[in-house]
file input.csv (CSV, C-alpha atoms)
chain,number,residue,atom,x,y,z
A,1,MET,CA,-104.8,-50.3,77.6
A,2,THR,CA,-104.9,-50.2,81.3
A,3,ARG,CA,-104.7,-54.0,81.4
A,4,TYR,CA,-101.6,-53.7,79.1
A,5,VAL,CA,-99.9,-51.3,81.4
A,6,ARG,CA,-100.8,-53.5,84.4
A,7,SER,CA,-99.3,-56.6,82.8
A,8,ILE,CA,-96.1,-54.6,82.1
A,9,VAL,CA,-96.0,-53.6,85.8
A,10,VAL,CA,-96.5,-57.3,86.8
A,11,VAL,CA,-93.7,-58.4,84.5
A,12,LEU,CA,-91.4,-55.7,85.8
A,13,GLY,CA,-92.3,-56.7,89.3
A,14,ALA,CA,-91.5,-60.3,88.7
A,15,LEU,CA,-88.2,-59.3,87.1
A,16,GLY,CA,-87.3,-57.2,90.2
A,17,ALA,CA,-88.1,-60.1,92.5
A,18,ALA,CA,-86.0,-62.5,90.4
A,19,ILE,CA,-83.0,-60.1,90.5
A,20,ALA,CA,-83.4,-59.6,94.2
A,21,ALA,CA,-83.5,-63.4,94.8
A,22,GLY,CA,-80.4,-64.0,92.5
A,23,PRO,CA,-76.7,-63.7,93.3
A,24,VAL,CA,-76.0,-60.4,95.0
A,25,VAL,CA,-72.4,-60.1,94.2
A,26,ALA,CA,-72.8,-56.5,93.1
A,27,ASN,CA,-74.1,-55.6,96.6
A,28,ASP,CA,-71.0,-56.9,98.4
A,29,ILE,CA,-69.3,-54.0,100.1
A,30,ALA,CA,-66.7,-55.8,102.2
A,31,GLN,CA,-65.4,-59.2,103.1
A,32,ILE,CA,-64.5,-60.7,106.5
A,33,LYS,CA,-60.8,-61.4,106.3
A,34,VAL,CA,-60.2,-62.4,110.0
A,35,ALA,CA,-62.7,-64.2,112.3
A,36,ASN,CA,-61.8,-65.5,115.7
A,37,GLY,CA,-64.2,-67.0,118.2
A,38,THR,CA,-67.9,-66.2,117.7
A,39,VAL,CA,-68.6,-63.8,114.9
A,40,ILE,CA,-72.2,-63.1,113.8
A,41,VAL,CA,-73.6,-61.1,111.0
A,42,GLU,CA,-77.1,-59.7,111.5
A,43,ARG,CA,-78.8,-59.1,108.1
A,44,GLY,CA,-82.4,-57.9,108.5
A,45,SER,CA,-84.0,-60.6,110.7
A,46,GLN,CA,-81.3,-63.1,109.8
A,47,ARG,CA,-78.4,-64.0,112.1
A,48,LEU,CA,-75.6,-65.7,110.2
A,49,MET,CA,-72.5,-67.3,111.6
A,50,ALA,CA,-69.6,-65.6,109.9
A,51,ALA,CA,-66.1,-66.8,109.0
A,52,ALA,CA,-63.2,-65.6,107.0
A,53,GLY,CA,-64.5,-65.1,103.4
A,54,THR,CA,-68.1,-64.1,104.4
A,55,ARG,CA,-69.2,-61.2,102.2
A,56,LEU,CA,-70.9,-58.2,103.8
A,57,GLN,CA,-73.7,-55.9,102.5
A,58,GLN,CA,-74.9,-52.4,103.4
A,59,SER,CA,-76.9,-52.4,106.7
A,60,ASP,CA,-75.3,-55.6,108.0
A,61,VAL,CA,-74.3,-55.5,111.7
A,62,VAL,CA,-71.1,-57.4,112.6
A,63,ARG,CA,-71.1,-58.7,116.2
A,64,THR,CA,-68.5,-60.6,118.2
A,65,GLY,CA,-68.8,-62.8,121.3
A,66,ILE,CA,-66.9,-62.7,124.5
A,67,ASN,CA,-63.8,-64.3,123.0
A,68,GLY,CA,-64.4,-63.1,119.5
A,69,SER,CA,-62.8,-60.6,117.1
A,70,ALA,CA,-63.2,-59.9,113.4
A,71,GLY,CA,-61.4,-58.0,110.7
A,72,ILE,CA,-63.0,-56.7,107.5
A,73,THR,CA,-61.8,-55.0,104.4
A,74,PHE,CA,-64.2,-52.9,102.3
A,75,THR,CA,-64.0,-52.6,98.5
A,76,ASP,CA,-62.3,-49.2,98.8
A,77,ASN,CA,-59.6,-50.8,101.0
A,78,THR,CA,-60.9,-49.3,104.3
A,79,MET,CA,-60.1,-51.8,107.0
A,80,MET,CA,-62.0,-52.2,110.2
A,81,SER,CA,-61.5,-54.7,113.0
A,82,ILE,CA,-63.4,-55.2,116.2
A,83,GLY,CA,-62.4,-56.8,119.5
A,84,PRO,CA,-64.4,-59.0,121.9
A,85,ASN,CA,-68.0,-58.1,122.8
A,86,SER,CA,-68.3,-55.6,120.0
A,87,ALA,CA,-70.9,-54.6,117.5
A,88,ILE,CA,-70.7,-52.3,114.4
A,89,ALA,CA,-73.4,-51.4,112.0
A,90,LEU,CA,-72.4,-50.9,108.3
A,91,ASP,CA,-75.1,-48.3,107.8
A,92,ARG,CA,-74.3,-46.8,104.4
A,93,TYR,CA,-71.7,-47.6,101.7
A,94,SER,CA,-71.1,-46.6,98.1
A,95,PHE,CA,-67.9,-46.6,96.1
A,96,ASN,CA,-67.0,-45.8,92.5
A,97,SER,CA,-63.8,-47.7,91.8
A,98,THR,CA,-63.0,-45.4,88.9
A,99,THR,CA,-63.4,-42.0,90.6
A,100,HIS,CA,-62.9,-43.2,94.1
A,101,GLU,CA,-65.9,-41.2,95.2
A,102,GLY,CA,-68.2,-42.8,97.7
A,103,ARG,CA,-69.7,-42.7,101.1
A,104,LEU,CA,-69.0,-44.8,104.2
A,105,ASP,CA,-71.1,-44.4,107.4
A,106,THR,CA,-70.8,-46.8,110.2
A,107,ALA,CA,-72.1,-46.9,113.8
A,108,MET,CA,-70.1,-48.4,116.6
A,109,ARG,CA,-72.6,-49.7,119.1
A,110,SER,CA,-70.3,-51.4,121.7
A,111,GLY,CA,-66.8,-52.6,122.3
A,112,THR,CA,-63.6,-51.8,120.5
A,113,LEU,CA,-62.8,-50.8,116.9
A,114,SER,CA,-59.6,-50.2,115.0
A,115,VAL,CA,-59.8,-48.4,111.6
A,116,VAL,CA,-57.5,-47.8,108.7
A,117,SER,CA,-59.3,-45.6,106.3
A,118,GLY,CA,-59.2,-46.2,102.5
A,119,LYS,CA,-59.8,-44.6,99.2
A,120,ILE,CA,-63.2,-43.0,100.1
A,121,ALA,CA,-61.8,-40.9,102.9
A,122,LYS,CA,-58.7,-40.0,100.8
A,123,GLN,CA,-60.8,-38.8,97.9
A,124,SER,CA,-63.2,-36.6,99.9
A,125,PRO,CA,-62.7,-35.8,103.6
A,126,GLU,CA,-66.4,-35.5,104.3
A,127,ALA,CA,-67.3,-38.9,102.9
A,128,MET,CA,-66.6,-41.1,105.9
A,129,THR,CA,-68.1,-41.1,109.4
A,130,VAL,CA,-68.2,-43.3,112.4
A,131,LYS,CA,-71.1,-42.8,114.9
A,132,THR,CA,-70.9,-43.6,118.5
A,133,PRO,CA,-73.9,-43.3,120.9
A,134,ALA,CA,-73.0,-39.7,121.8
A,135,THR,CA,-70.7,-38.5,119.0
A,136,ILE,CA,-70.1,-38.5,115.3
A,137,LEU,CA,-66.6,-38.8,114.0
A,138,GLY,CA,-65.5,-37.1,110.8
A,139,VAL,CA,-62.7,-39.1,109.3
A,140,ARG,CA,-60.0,-37.3,107.4
A,141,GLY,CA,-57.7,-40.4,107.7
A,142,THR,CA,-56.3,-42.7,108.5
A,143,GLU,CA,-55.6,-44.8,111.6
A,144,PHE,CA,-57.7,-44.5,114.8
A,145,LEU,CA,-59.4,-46.4,117.5
A,146,VAL,CA,-62.9,-46.2,119.0
A,147,GLN,CA,-64.2,-47.7,122.3
A,148,VAL,CA,-67.8,-47.7,123.4
A,149,GLY,CA,-68.2,-49.0,127.0
A,150,GLU,CA,-65.6,-49.8,129.7
A,151,THR,CA,-62.7,-52.1,129.2
A,152,LYS,CA,-63.5,-55.5,130.6
B,1,MET,CA,-92.9,-15.7,139.9
B,2,ARG,CA,-91.4,-15.4,136.4
B,3,ILE,CA,-87.9,-16.0,137.8
B,4,LEU,CA,-89.1,-19.0,139.7
B,5,PHE,CA,-90.7,-20.4,136.5
B,6,ARG,CA,-87.5,-19.8,134.6
B,7,SER,CA,-85.3,-21.5,137.1
B,8,GLY,CA,-87.8,-24.3,137.3
B,9,LEU,CA,-87.5,-24.7,133.5
B,10,ALA,CA,-83.7,-24.6,133.7
B,11,ALA,CA,-83.7,-27.3,136.4
B,12,LEU,CA,-86.0,-29.4,134.3
B,13,ALA,CA,-83.8,-29.0,131.2
B,14,ALA,CA,-80.7,-29.8,133.3
B,15,ALA,CA,-82.4,-32.9,134.7
B,16,LEU,CA,-83.4,-34.0,131.2
B,17,LEU,CA,-80.0,-33.4,129.8
B,18,GLY,CA,-78.5,-35.3,132.7
B,19,ALA,CA,-80.8,-38.2,132.1
B,20,CYS,CA,-80.0,-38.1,128.4
B,21,ALA,CA,-76.2,-38.0,128.9
B,22,ALA,CA,-76.3,-40.7,131.6
B,23,SER,CA,-78.0,-43.1,129.2
B,24,HIS,CA,-75.0,-43.8,127.1
B,25,PRO,CA,-71.7,-45.7,127.9
B,26,PRO,CA,-68.4,-43.9,128.1
B,27,GLN,CA,-66.6,-43.5,124.7
B,28,LEU,CA,-63.0,-43.0,123.7
B,29,VAL,CA,-61.5,-42.1,120.4
B,30,VAL,CA,-57.7,-42.2,119.8
B,31,VAL,CA,-55.7,-41.2,116.7
B,32,LEU,CA,-52.7,-43.4,116.0
B,33,PRO,CA,-49.4,-42.6,114.3
B,34,GLU,CA,-49.0,-44.2,110.9
B,35,ALA,CA,-46.3,-46.4,109.5
B,36,ASP,CA,-44.8,-43.6,107.4
B,37,GLY,CA,-44.7,-41.2,110.4
B,38,LYS,CA,-47.8,-39.2,109.4
B,39,VAL,CA,-50.8,-38.7,111.6
B,40,GLY,CA,-54.3,-38.5,110.4
B,41,THR,CA,-57.2,-36.3,111.6
B,42,VAL,CA,-60.5,-37.3,113.2
B,43,VAL,CA,-63.0,-34.6,114.2
B,44,VAL,CA,-65.1,-35.7,117.2
B,45,THR,CA,-68.5,-33.9,117.4
B,46,GLY,CA,-70.9,-34.4,120.2
B,47,ILE,CA,-74.4,-35.3,119.1
B,48,GLU,CA,-75.9,-33.6,122.2
B,49,GLY,CA,-73.9,-30.4,121.7
B,50,GLY,CA,-70.6,-29.6,123.3
B,51,GLY,CA,-68.8,-28.7,120.1
B,52,SER,CA,-66.1,-30.4,118.2
B,53,THR,CA,-62.6,-31.7,119.1
B,54,THR,CA,-60.0,-32.2,116.4
B,55,LEU,CA,-57.5,-35.0,117.0
B,56,ASN,CA,-54.4,-34.8,114.9
B,57,LYS,CA,-51.4,-35.8,117.0
B,58,PRO,CA,-50.1,-39.3,117.9
B,59,TYR,CA,-52.2,-40.8,120.6
B,60,ALA,CA,-54.4,-37.7,120.9
B,61,ALA,CA,-57.7,-38.9,122.4
B,62,ALA,CA,-61.2,-37.6,123.2
B,63,ARG,CA,-63.2,-39.1,126.0
B,64,VAL,CA,-66.9,-38.8,126.4
B,65,ASP,CA,-68.1,-40.0,129.8
B,66,THR,CA,-71.5,-40.9,131.1
B,67,ALA,CA,-72.0,-37.8,133.1
B,68,GLY,CA,-71.0,-34.9,130.9
B,69,GLY,CA,-71.5,-36.1,127.3
B,70,LYS,CA,-68.6,-33.8,126.6
B,71,SER,CA,-65.4,-34.6,124.9
B,72,GLU,CA,-62.2,-33.6,126.7
B,73,PRO,CA,-58.9,-33.7,124.8
B,74,ARG,CA,-56.1,-35.8,126.3
B,75,THR,CA,-53.3,-38.1,125.4
B,76,VAL,CA,-53.2,-41.9,126.0
B,77,THR,CA,-50.1,-44.0,126.2
B,78,GLU,CA,-49.1,-46.9,123.9
B,79,GLY,CA,-49.5,-49.2,126.8
B,80,GLU,CA,-53.1,-48.1,127.4
B,81,VAL,CA,-53.9,-48.6,123.7
B,82,LYS,CA,-52.5,-52.1,123.8
B,83,LYS,CA,-54.5,-53.0,126.9
B,84,SER,CA,-57.8,-51.6,125.7
B,85,PHE,CA,-57.6,-52.3,121.9
B,86,GLY,CA,-55.2,-55.4,121.8
B,87,GLY,CA,-58.0,-57.7,120.5
B,88,ALA,CA,-59.2,-55.3,117.8
B,89,LEU,CA,-55.7,-54.5,116.6
B,90,ALA,CA,-54.7,-58.1,116.4
B,91,ALA,CA,-57.7,-58.8,114.1
B,92,GLN,CA,-56.7,-56.2,111.5
B,93,PRO,CA,-56.7,-57.7,108.0
B,94,ILE,CA,-53.4,-57.8,106.0
B,95,ARG,CA,-53.1,-54.5,104.3
B,96,PRO,CA,-54.2,-54.2,100.6
B,97,ILE,CA,-51.3,-53.9,98.2
B,98,SER,CA,-51.0,-53.3,94.5
B,99,PHE,CA,-48.5,-54.3,91.8
B,100,GLN,CA,-47.7,-53.5,88.2
B,101,LEU,CA,-46.5,-56.2,85.7
B,102,TYR,CA,-45.2,-55.3,82.3
B,103,PHE,CA,-45.5,-57.1,78.9
B,104,MET,CA,-43.7,-57.6,75.6
B,105,GLU,CA,-45.0,-55.4,72.7
B,106,GLY,CA,-48.3,-56.6,71.2
B,107,THR,CA,-48.4,-59.8,73.4
B,108,ASP,CA,-49.6,-61.2,76.7
B,109,GLU,CA,-46.1,-62.4,77.5
B,110,TYR,CA,-44.5,-60.9,80.6
B,111,THR,CA,-41.1,-59.1,80.3
B,112,ALA,CA,-38.3,-61.1,82.0
B,113,GLU,CA,-38.4,-58.9,85.0
B,114,SER,CA,-42.2,-59.1,85.4
B,115,LYS,CA,-42.0,-62.9,85.1
B,116,GLU,CA,-40.0,-62.9,88.3
B,117,ALA,CA,-42.1,-60.2,89.9
B,118,PHE,CA,-45.2,-62.4,89.5
B,119,GLU,CA,-43.7,-64.7,92.1
B,120,LYS,CA,-43.8,-61.8,94.6
B,121,VAL,CA,-47.4,-61.0,93.7
B,122,PHE,CA,-48.4,-64.7,94.1
B,123,ALA,CA,-46.7,-64.8,97.5
B,124,GLU,CA,-48.9,-61.8,98.7
B,125,VAL,CA,-52.0,-63.6,97.5
B,126,ALA,CA,-50.9,-66.9,99.0
B,127,ARG,CA,-50.3,-65.5,102.5
B,128,ARG,CA,-54.0,-64.3,102.7
B,129,LYS,CA,-56.6,-66.6,104.0
B,130,VAL,CA,-59.1,-65.1,101.7
B,131,ALA,CA,-57.8,-62.9,98.9
B,132,GLU,CA,-59.7,-60.7,96.5
B,133,ILE,CA,-57.7,-59.8,93.3
B,134,ALA,CA,-58.6,-57.2,90.8
B,135,VAL,CA,-56.6,-57.1,87.5
B,136,ILE,CA,-56.8,-54.2,85.1
B,137,GLY,CA,-54.9,-54.5,81.7
B,138,HIS,CA,-53.5,-51.7,79.7
B,139,THR,CA,-51.6,-51.2,76.4
B,140,ASP,CA,-49.5,-48.6,74.6
B,141,THR,CA,-50.8,-46.8,71.6
B,142,VAL,CA,-49.5,-49.2,68.9
B,143,GLY,CA,-52.5,-50.6,67.0
B,144,THR,CA,-56.1,-49.7,66.8
B,145,LEU,CA,-58.4,-48.9,69.8
B,146,GLU,CA,-60.3,-52.1,69.2
B,147,PHE,CA,-57.1,-54.2,69.0
B,148,ASN,CA,-55.8,-52.6,72.2
B,149,ASP,CA,-59.1,-53.1,74.1
B,150,ALA,CA,-58.8,-56.8,73.2
B,151,LEU,CA,-55.1,-57.0,74.0
B,152,SER,CA,-55.5,-55.3,77.4
B,153,LEU,CA,-58.2,-57.8,78.4
B,154,LYS,CA,-56.0,-60.6,77.1
B,155,ARG,CA,-53.2,-59.4,79.4
B,156,ALA,CA,-55.5,-59.3,82.4
B,157,ALA,CA,-56.9,-62.8,81.6
B,158,ARG,CA,-53.3,-64.1,81.3
B,159,VAL,CA,-52.7,-63.0,84.9
B,160,ARG,CA,-55.9,-64.6,86.1
B,161,ASN,CA,-54.9,-67.9,84.4
B,162,ASP,CA,-51.6,-67.8,86.1
B,163,PHE,CA,-53.3,-67.5,89.5
B,164,THR,CA,-56.0,-70.1,88.8
B,165,GLY,CA,-53.4,-72.4,87.5
B,166,ARG,CA,-51.9,-72.3,91.0
B,167,GLY,CA,-55.1,-73.0,92.8
B,168,ILE,CA,-56.5,-69.5,93.4
B,169,PRO,CA,-60.3,-69.7,93.0
B,170,THR,CA,-61.6,-67.9,89.8
B,171,ASP,CA,-64.4,-66.2,91.6
B,172,SER,CA,-61.9,-64.3,93.8
B,173,ILE,CA,-60.4,-62.6,90.7
B,174,SER,CA,-62.0,-59.9,88.6
B,175,ILE,CA,-60.5,-58.7,85.3
B,176,ALA,CA,-60.9,-55.7,83.1
B,177,GLY,CA,-59.2,-54.1,80.1
B,178,ARG,CA,-58.9,-50.4,79.6
B,179,GLY,CA,-57.0,-50.6,76.2
B,180,GLU,CA,-54.9,-47.5,75.5
B,181,ARG,CA,-57.2,-45.1,77.4
B,182,GLU,CA,-55.2,-44.8,80.6
B,183,LEU,CA,-51.6,-44.2,79.6
B,184,VAL,CA,-49.0,-43.9,82.4
B,185,VAL,CA,-46.7,-42.1,79.9
B,186,THR,CA,-48.6,-39.8,77.6
B,187,THR,CA,-47.5,-40.5,74.0
B,188,ALA,CA,-48.8,-39.8,70.4
B,189,ASP,CA,-50.7,-42.6,68.6
B,190,GLU,CA,-48.6,-45.6,67.4
B,191,VAL,CA,-45.8,-45.1,69.9
B,192,SER,CA,-44.2,-48.2,71.5
B,193,GLU,CA,-43.9,-47.5,75.2
B,194,PRO,CA,-42.9,-50.3,77.6
B,195,ARG,CA,-44.3,-48.5,80.7
B,196,ASN,CA,-47.7,-48.3,79.2
B,197,ARG,CA,-47.9,-52.1,78.5
B,198,ARG,CA,-48.9,-53.2,81.9
B,199,VAL,CA,-51.5,-54.7,84.2
B,200,GLU,CA,-52.3,-53.3,87.6
B,201,ILE,CA,-53.0,-56.0,90.2
B,202,SER,CA,-54.8,-55.0,93.4
B,203,VAL,CA,-54.7,-57.7,96.2
B,204,ARG,CA,-56.9,-57.2,99.2
call {"tool": "encode", "arguments": {"input": "input.csv", "output": "structure tokens"}}
result
Amino acid sequence: MTRYVRSIVVVLGALGAAIAAGPVVANDIAQIKVANGTVIVERGSQRLMAAAGTRLQQSDVVRTGINGSAGITFTDNTMMSIGPNSAIALDRYSFNSTTHEGRLDTAMRSGTLSVVSGKIAKQSPEAMTVKTPATILGVRGTEFLVQVGETK
Amino acid sequence: MRILFRSGLAALAAALLGACAASHPPQLVVVLPEADGKVGTVVVTGIEGGGSTTLNKPYAAARVDTAGGKSEPRTVTEGEVKKSFGGALAAQPIRPISFQLYFMEGTDEYTAESKEAFEKVFAEVARRKVAEIAVIGHTDTVGTLEFNDALSLKRAARVRNDFTGRGIPTDSISIAGRGERELVVTTADEVSEPRNRRVEISVR
């Protein structure tokens, strides 16, 4: 009996691993639409060179070089773009395309950010935040700018 | 003695706060006017205390500097915005847009008007370097639920084919059919209603 349960656990575990290793389309939360200069996506311990078309996942950090800039659109139509020497962490994202309920929490670590909020913020005003090192921004919509650090 | 102790604590606390506050770079938040003349709202709350500032006027700004860690309301000029945020603003993606196309009764053939309108939709897709397209098909209430589920999906697939036929990659297009479940114009069953025979196309 115990062995039977154990083998089920093993099979389930193997299935989980297979799913995790397979295509992760369902985990895509946003796509890079504009990439100029050096744009890097940090995903766990990986550092990926990004380009227009690169798909993003929750917990990714998007970083630009000294001449870089990047624009991304989330699946709820929120748009965020960052200027040179910037970094933003996409900490938490969920979106129900039928009810438009969801959650979007990002953290601006350095540089400049331009935001046009989308369906998540429109549906519920508490559902979108942007953190900076000393503040947390509650976003009721829609267009705003954030700078962390001095203008170079 | 007690007073001394207290003021000592206060000094220590102030020193700690000062050290804390000095450890972060200056931060600026600016609310922009929108294309339709409206202005949004952003509430800036200090993590280390200092309360909240509500920004809801064009170019209203909150600044948090290294020393205070406190947000002070002010207004910035359009010129300052361009200077500091020019790079970020120039990298904004093309705005998402959505369209409706309409169909002849019981078929996946566009109406004459929608056949022309498709060209406009295609132009929006074509001007994006990387487009994502979501197509959702709908029907009116003529026919069974099952028939209309199939027909709504057929209409969405028709739109996808028209895109792929012009070189848009299949994997950038998602399709779905909602049958007669989401009527734009509420009708009784078995009512022919041109406005319900549609696809919604979201381009992002």
call {"tool": "residues_around", "arguments": {"input": "input.csv", "residues": "Ser59 in chain A", "least_positions_apart": "5", "cutoff": "12 Å", "atoms": "only C-alpha atoms", "output": "NGL selection string"}}
result
:A and (27-30 or 41-46 or 88-94 or 104-107)
call {"tool": "closest_residue", "arguments": {"input": "input.csv", "among": "B:Arg128, B:Lys57, B:Arg63, B:His138", "to": "Pro96 in chain B", "atoms": "only C-alpha atoms"}}
result
B:Arg128
call {"tool": "closest_residue", "arguments": {"input": "input.csv", "among": "A:Ser124, A:Thr135, A:Thr75, A:Asn96", "to": "chain B", "atoms": "all atoms listed in the file"}}
result
A:Thr135
call {"tool": "residues_around", "arguments": {"input": "input.csv", "residues": "range 139-141 of chain B", "least_positions_apart": "3", "cutoff": "12 Å", "atoms": "all atoms listed in the file", "output": "ChimeraX atom specification"}}
result
/B:101-108,136,144-156,177-200
call {"tool": "interface_residues", "arguments": {"input": "input.csv", "of": "chain B", "to": "chain A", "cutoff": "8 Å", "atoms": "all atoms listed in the file", "output": "number ranges by chain"}}
result
B: 21, 24-34, 39-48, 64, 69, 84-89, 91-93, 95-96, 129-130, 204
call {"tool": "atom_distance", "arguments": {"input": "input.csv", "atom1": "CA of Gly37 in chain B", "atom2": "CA of Leu55 in chain B"}}
result
15.7 Å
